[in-house]
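These notes are about the structure you will find just below.
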Amino acid sequence: VTSPNQSSLPITAIERTFQVAWRHRVYFTHDLFAGRLPLLANLLAEDQPSLQPARALVVLDAGLARARPALLGILCDYFAHFDAQARLAGPPVILPGGEAVKNSWTAANAIHLEIDRRHIDRHSYVVAIGGGALLDVVGFAAATAHRGCRHLRLPTTTLSQADSGVGVKNGINAFGKKNFIGTFAPPAAVINDFSFLHSLEPRDRRAGSVEAVKVALIRDASFFQWIEQHASALRQAAPAHLHHLVQRCAELHVNHITGGGDPFESGTARPLDFGHWSAHKLEQLSNFRIRHAEAVAIGIALDSLYSHHAGFLDSLATQRILSVLEHLGFTLTAPELSCRLADGSLSVLAGLEEFREHLGGQLTLTLLRGVGEGFETHDYRTDLLPQCIAELENRPAPPISQPQPRWPG
Ligand SMILES: NC(=O)c1ccc[n+]([C@@H]2O[C@H](COP(=O)([O-])OP(=O)(O)OC[C@H]3O[C@@H](n4cnc5c(N)ncnc54)[C@H](O)[C@@H]3O)[C@@H](O)[C@H]2O)c1
Ligand SMILES: [Zn+2]
């Protein structure tokens, strides 16, 4: 490392180190709004500069609002009930859910406009209620208005309750790349209300289980074993099982963010993105037909097979991983896996360089030495990839999915 002052000319420097402490809080509950639980109102009322009630701009996922037509009314009743603590700054803003909301500046602009129009300041809150995509864009808009308004998240999908909503990242997609524009901005708090999960489509309900498999594989063998043992109940979305899965997965993510030493990913490693280098590329190559969780299931399968062929993971563990993903209801291949560029290379490989470039520095991938034993490597043997893809393509069709019950909402 070269010293900044190697010349003989004098340089005067002022250097100080400062630290900022963050408190990361994730709550788990049921029926927050209908049950009029004071939790949200009390959180909003904390640290207000005056005795006036806190002001909240609520942004709601349109898919959620559609699935729960009564929600808007219940939400307004909630704020009316807790009027002494917190007040709506205007009618809730309803924006589309799903990946499309992240694919342009439209939604972020709409939120910025509303933050301006409703005079949301740095002591007010932007409250996001919805799936991971909506939370990402709302978190980004809140973090960039006034150089950062307080924001509070109520994730409403299994994936966002288990993973994205409890994290500190937000962002939108740009230049054909996932999350190219975004910030690290911890939310003031996260409230995971399990009752929201009841109205999810089966495809979105099982999404969270993939991120649970991911974090179990790199961190917690006994959690992986639990998922394996309860894969049928999880596939059927049995409430008690799903809630346990979400809570443990969220806990492992929060532990990593708060105790892993690199909450804002300044290093070169992103262990929680095991299986994600190909997943992000597959989402984009499929024009987002393949959803995030579905792509991550394929990405985990690919990196597990790679770990095996590179000599790190035994075949029993590899087959356990592929089979648990299939039991949870995921398909482990997609036509996009074998797409090739004009020069003959596999299109998905571009994801490796994009993954590296996102953090910069040396390529760092997480692979597996065993179930619950992730490790980091800087090498990737691209010659092993076609074989891994072929194995996924040639797997016998997974068992036909059982019809999944809709829960009472
Ligand atoms: N910021 C991070 O750290 C991070 C981490 C992982 C994933 N992500 C991002 O999260 C996104 C995926 O999130 P997701 O899996 O939550 O999907 P999603 O946000 O795309 O939501 C899926 C669908 O469910 C609807 N919906 C939401 N809640 C509902 C409810 N309770 N009932 C009925 N419908 C409901 C939405 O309108 C949408 O149509 C991706 O963009 C991914 O990149 C971000
Ligand atoms: Zn993910």
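Labels used: A, B, ... for chains in the order of the structure tokens, numbers from 1 for residues in each chain, and numbers from 1 for ligands as shown.
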
Task: Non-local contacts of Glu265 (chain A) (12 Å; only C-alpha atoms; under 3 positions in same chain excluded) as a list of chain:residue names - done: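 Listing them by chain and then by number gives A:Gly167, A:Val168, A:Lys169, A:Thr183, A:Phe184, A:His256, A:Ile257, A:Thr258, A:Gly260, A:Gly261, A:Asp262, A:Thr268, A:Ala269, A:Arg270, A:Pro271, A:Leu272, A:Asp273, A:His358, A:Leu359, A:Gly360.
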
Keeping only N, CA, C and O atoms, write those residues as an mmCIF file, in the first residue's frame.
```cif
data_model
loop_
_atom_site.group_PDB
_atom_site.id
_atom_site.type_symbol
_atom_site.label_atom_id
_atom_site.label_comp_id
_atom_site.auth_asym_id
_atom_site.auth_seq_id
_atom_site.Cartn_x
_atom_site.Cartn_y
_atom_site.Cartn_z
ATOM 1 N N GLY A 167 -33.513 -6.671 5.762
ATOM 2 C CA GLY A 167 -32.150 -6.249 5.459
ATOM 3 C C GLY A 167 -32.010 -4.740 5.445
ATOM 4 O O GLY A 167 -32.925 -4.007 5.853
ATOM 5 N N VAL A 168 -30.861 -4.273 4.971
ATOM 6 C CA VAL A 168 -30.571 -2.839 5.003
ATOM 7 C C VAL A 168 -30.371 -2.266 3.600
ATOM 8 O O VAL A 168 -29.914 -1.148 3.435
ATOM 9 N N LYS A 169 -30.751 -3.072 2.580
ATOM 10 C CA LYS A 169 -30.513 -2.620 1.201
ATOM 11 C C LYS A 169 -31.832 -2.245 0.537
ATOM 12 O O LYS A 169 -32.885 -2.748 0.896
ATOM 13 N N THR A 183 -29.251 2.237 -2.283
ATOM 14 C CA THR A 183 -28.487 2.691 -1.122
ATOM 15 C C THR A 183 -28.546 1.627 -0.022
ATOM 16 O O THR A 183 -29.383 0.733 -0.068
ATOM 17 N N PHE A 184 -27.674 1.777 0.950
ATOM 18 C CA PHE A 184 -27.801 1.011 2.192
ATOM 19 C C PHE A 184 -28.454 1.956 3.184
ATOM 20 O O PHE A 184 -27.919 3.042 3.441
ATOM 21 N N HIS A 256 -26.476 -12.022 10.552
ATOM 22 C CA HIS A 256 -25.366 -11.766 9.636
ATOM 23 C C HIS A 256 -25.133 -10.262 9.460
ATOM 24 O O HIS A 256 -24.000 -9.779 9.515
ATOM 25 N N ILE A 257 -26.228 -9.532 9.271
ATOM 26 C CA ILE A 257 -26.088 -8.086 9.022
ATOM 27 C C ILE A 257 -25.488 -7.387 10.241
ATOM 28 O O ILE A 257 -24.596 -6.551 10.119
ATOM 29 N N THR A 258 -25.975 -7.756 11.428
ATOM 30 C CA THR A 258 -25.547 -7.025 12.621
ATOM 31 C C THR A 258 -24.264 -7.583 13.236
ATOM 32 O O THR A 258 -23.560 -6.864 13.943
ATOM 33 N N GLY A 260 -21.975 -9.779 11.345
ATOM 34 C CA GLY A 260 -21.045 -10.340 10.347
ATOM 35 C C GLY A 260 -19.881 -9.421 10.023
ATOM 36 O O GLY A 260 -18.971 -9.807 9.298
ATOM 37 N N GLY A 261 -19.917 -8.199 10.545
ATOM 38 C CA GLY A 261 -18.763 -7.318 10.370
ATOM 39 C C GLY A 261 -18.770 -6.490 9.099
ATOM 40 O O GLY A 261 -17.862 -5.680 8.899
ATOM 41 N N ASP A 262 -19.760 -6.676 8.240
ATOM 42 C CA ASP A 262 -19.753 -5.888 7.001
ATOM 43 C C ASP A 262 -21.193 -5.585 6.559
ATOM 44 O O ASP A 262 -21.630 -6.003 5.491
ATOM 45 N N THR A 268 -15.400 -7.627 -0.266
ATOM 46 C CA THR A 268 -15.661 -8.188 -1.602
ATOM 47 C C THR A 268 -16.617 -9.368 -1.534
ATOM 48 O O THR A 268 -16.993 -9.908 -2.560
ATOM 49 N N ALA A 269 -17.018 -9.775 -0.309
ATOM 50 C CA ALA A 269 -17.845 -10.976 -0.200
ATOM 51 C C ALA A 269 -19.296 -10.626 0.116
ATOM 52 O O ALA A 269 -19.573 -9.670 0.823
ATOM 53 N N ARG A 270 -20.210 -11.415 -0.438
ATOM 54 C CA ARG A 270 -21.627 -11.264 -0.122
ATOM 55 C C ARG A 270 -22.165 -12.654 0.171
ATOM 56 O O ARG A 270 -22.861 -13.239 -0.654
ATOM 57 N N PRO A 271 -21.829 -13.209 1.360
ATOM 58 C CA PRO A 271 -22.209 -14.604 1.625
ATOM 59 C C PRO A 271 -23.711 -14.843 1.510
ATOM 60 O O PRO A 271 -24.124 -15.919 1.085
ATOM 61 N N LEU A 272 -24.522 -13.834 1.869
ATOM 62 C CA LEU A 272 -25.966 -14.053 1.798
ATOM 63 C C LEU A 272 -26.455 -14.118 0.360
ATOM 64 O O LEU A 272 -27.625 -14.378 0.105
ATOM 65 N N ASP A 273 -25.577 -13.856 -0.572
ATOM 66 C CA ASP A 273 -25.949 -13.965 -1.982
ATOM 67 C C ASP A 273 -25.461 -15.284 -2.580
ATOM 68 O O ASP A 273 -25.247 -15.381 -3.783
ATOM 69 N N HIS A 358 -20.412 -5.548 -9.191
ATOM 70 C CA HIS A 358 -21.338 -4.882 -8.263
ATOM 71 C C HIS A 358 -20.601 -4.465 -6.983
ATOM 72 O O HIS A 358 -20.815 -3.385 -6.451
ATOM 73 N N LEU A 359 -19.725 -5.337 -6.481
ATOM 74 C CA LEU A 359 -18.952 -4.997 -5.283
ATOM 75 C C LEU A 359 -17.593 -4.423 -5.630
ATOM 76 O O LEU A 359 -17.020 -3.668 -4.868
ATOM 77 N N GLY A 360 -17.067 -4.817 -6.759
ATOM 78 C CA GLY A 360 -15.716 -4.410 -7.131
ATOM 79 C C GLY A 360 -14.698 -5.370 -6.527
ATOM 80 O O GLY A 360 -15.043 -6.270 -5.755
#
```

Open item on the list: Around ligand 2, which protein and nucleic acid residues have at least one atom no more than 8 Å from it, if we count only C-alpha atoms and all ligand atoms? List them as a PyMOL selection string.
Closed with: chain A and resi 163-164+211+272-273+276+292-293+296

Keeping N, CA, C and O atoms for every residue in the selection just given, could you write it to a file as a PDB file, in the first residue's frame?
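Okay, this is what ended up in out-v2.pdb:
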```pdb
ATOM      1  N   ASP A 163     -36.343 -12.322   4.332  1.00  0.00           N
ATOM      2  CA  ASP A 163     -35.047 -11.923   3.788  1.00  0.00           C
ATOM      3  C   ASP A 163     -35.008 -10.433   3.461  1.00  0.00           C
ATOM      4  O   ASP A 163     -34.534  -9.616   4.259  1.00  0.00           O
ATOM      5  N   SER A 164     -35.564 -10.046   2.316  1.00  0.00           N
ATOM      6  CA  SER A 164     -35.275  -8.700   1.817  1.00  0.00           C
ATOM      7  C   SER A 164     -35.754  -7.594   2.753  1.00  0.00           C
ATOM      8  O   SER A 164     -35.061  -6.608   2.952  1.00  0.00           O
ATOM      9  N   GLU A 211     -34.940 -18.699   0.161  1.00  0.00           N
ATOM     10  CA  GLU A 211     -33.926 -17.918   0.879  1.00  0.00           C
ATOM     11  C   GLU A 211     -33.595 -18.611   2.206  1.00  0.00           C
ATOM     12  O   GLU A 211     -32.471 -18.500   2.701  1.00  0.00           O
ATOM     13  N   LEU A 272     -24.522 -13.834   1.869  1.00  0.00           N
ATOM     14  CA  LEU A 272     -25.966 -14.053   1.798  1.00  0.00           C
ATOM     15  C   LEU A 272     -26.455 -14.118   0.360  1.00  0.00           C
ATOM     16  O   LEU A 272     -27.625 -14.378   0.105  1.00  0.00           O
ATOM     17  N   ASP A 273     -25.577 -13.856  -0.572  1.00  0.00           N
ATOM     18  CA  ASP A 273     -25.949 -13.965  -1.982  1.00  0.00           C
ATOM     19  C   ASP A 273     -25.461 -15.284  -2.580  1.00  0.00           C
ATOM     20  O   ASP A 273     -25.247 -15.381  -3.783  1.00  0.00           O
ATOM     21  N   HIS A 276     -26.800 -16.522  -5.981  1.00  0.00           N
ATOM     22  CA  HIS A 276     -27.446 -15.362  -6.619  1.00  0.00           C
ATOM     23  C   HIS A 276     -26.758 -14.865  -7.890  1.00  0.00           C
ATOM     24  O   HIS A 276     -27.362 -14.098  -8.630  1.00  0.00           O
ATOM     25  N   HIS A 292     -37.609 -13.848  -8.679  1.00  0.00           N
ATOM     26  CA  HIS A 292     -36.367 -13.889  -7.908  1.00  0.00           C
ATOM     27  C   HIS A 292     -36.161 -15.244  -7.216  1.00  0.00           C
ATOM     28  O   HIS A 292     -35.130 -15.904  -7.391  1.00  0.00           O
ATOM     29  N   ALA A 293     -37.179 -15.676  -6.455  1.00  0.00           N
ATOM     30  CA  ALA A 293     -37.013 -16.924  -5.684  1.00  0.00           C
ATOM     31  C   ALA A 293     -36.815 -18.120  -6.608  1.00  0.00           C
ATOM     32  O   ALA A 293     -36.032 -19.033  -6.302  1.00  0.00           O
ATOM     33  N   VAL A 296     -33.354 -18.072  -7.779  1.00  0.00           N
ATOM     34  CA  VAL A 296     -32.408 -18.422  -6.713  1.00  0.00           C
ATOM     35  C   VAL A 296     -32.401 -19.940  -6.489  1.00  0.00           C
ATOM     36  O   VAL A 296     -31.350 -20.530  -6.221  1.00  0.00           O
TER      37      VAL A 296
END
```

- [ ] Select the residues contacting ligand 1 at a distance of at most 6 Å, based on only C-alpha atoms and all ligand atoms, then format the selection as a ChimeraX atom specification.
- [x] /A:61-64,67,97-99,130-134,136,156-157,159-160,163-164,167,169-170,196-197,199-200,204,207,292

Keeping C-alpha atoms for every residue in the selection just given, could you write it to a file as a short mmCIF file (atom, residue, chain, number, x, y, z; two decimals), in the first residue's frame?
```cif
data_model
loop_
_atom_site.label_atom_id
_atom_site.label_comp_id
_atom_site.auth_asym_id
_atom_site.auth_seq_id
_atom_site.Cartn_x
_atom_site.Cartn_y
_atom_site.Cartn_z
CA ASP A 61 -48.50 -2.59 -2.75
CA ALA A 62 -51.36 -2.69 -5.29
CA GLY A 63 -51.25 -6.50 -5.46
CA LEU A 64 -51.77 -6.63 -1.70
CA ALA A 67 -56.01 -9.29 -2.60
CA GLY A 97 -46.14 -4.58 -6.76
CA GLY A 98 -43.81 -7.01 -8.48
CA GLU A 99 -40.52 -6.55 -10.32
CA GLY A 130 -45.88 -4.78 0.44
CA GLY A 131 -43.65 -7.32 -1.26
CA GLY A 132 -39.87 -7.14 -1.64
CA ALA A 133 -39.98 -5.23 -4.92
CA LEU A 134 -42.18 -2.46 -3.52
CA ASP A 136 -36.93 -1.91 -2.37
CA THR A 156 -46.13 -8.83 3.21
CA THR A 157 -44.62 -11.77 1.30
CA LEU A 159 -39.58 -13.71 0.86
CA SER A 160 -39.65 -10.14 2.09
CA ASP A 163 -35.05 -11.92 3.79
CA SER A 164 -35.28 -8.70 1.82
CA GLY A 167 -32.15 -6.25 5.46
CA LYS A 169 -30.51 -2.62 1.20
CA ASN A 170 -32.90 -1.09 -1.26
CA PHE A 196 -50.53 -10.86 5.46
CA LEU A 197 -49.13 -14.13 4.15
CA SER A 199 -53.60 -13.99 0.78
CA LEU A 200 -50.47 -14.81 -1.24
CA ASP A 204 -45.30 -16.18 -3.86
CA ALA A 207 -40.79 -18.00 -2.47
CA HIS A 292 -36.37 -13.89 -7.91
#
```

- [ ] Name the closest residue to Glu376 (chain A) among the candidates A:Val324, A:Pro186, A:Val166, A:Gln362; distances are taken between atoms, counting only C-alpha atoms.
- [x]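 That would be A:Gln362, the residue with the smallest distance to Glu376 (chain A).
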
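When the distance limit is 7 Å and only C-alpha atoms are what count, the residues near Ile129 (chain A), minus those fewer than 3 positions from it on the same chain, are A:Val59, A:Leu60, A:Asp61, A:Arg153, A:Leu154, A:Pro155, A:Thr156.
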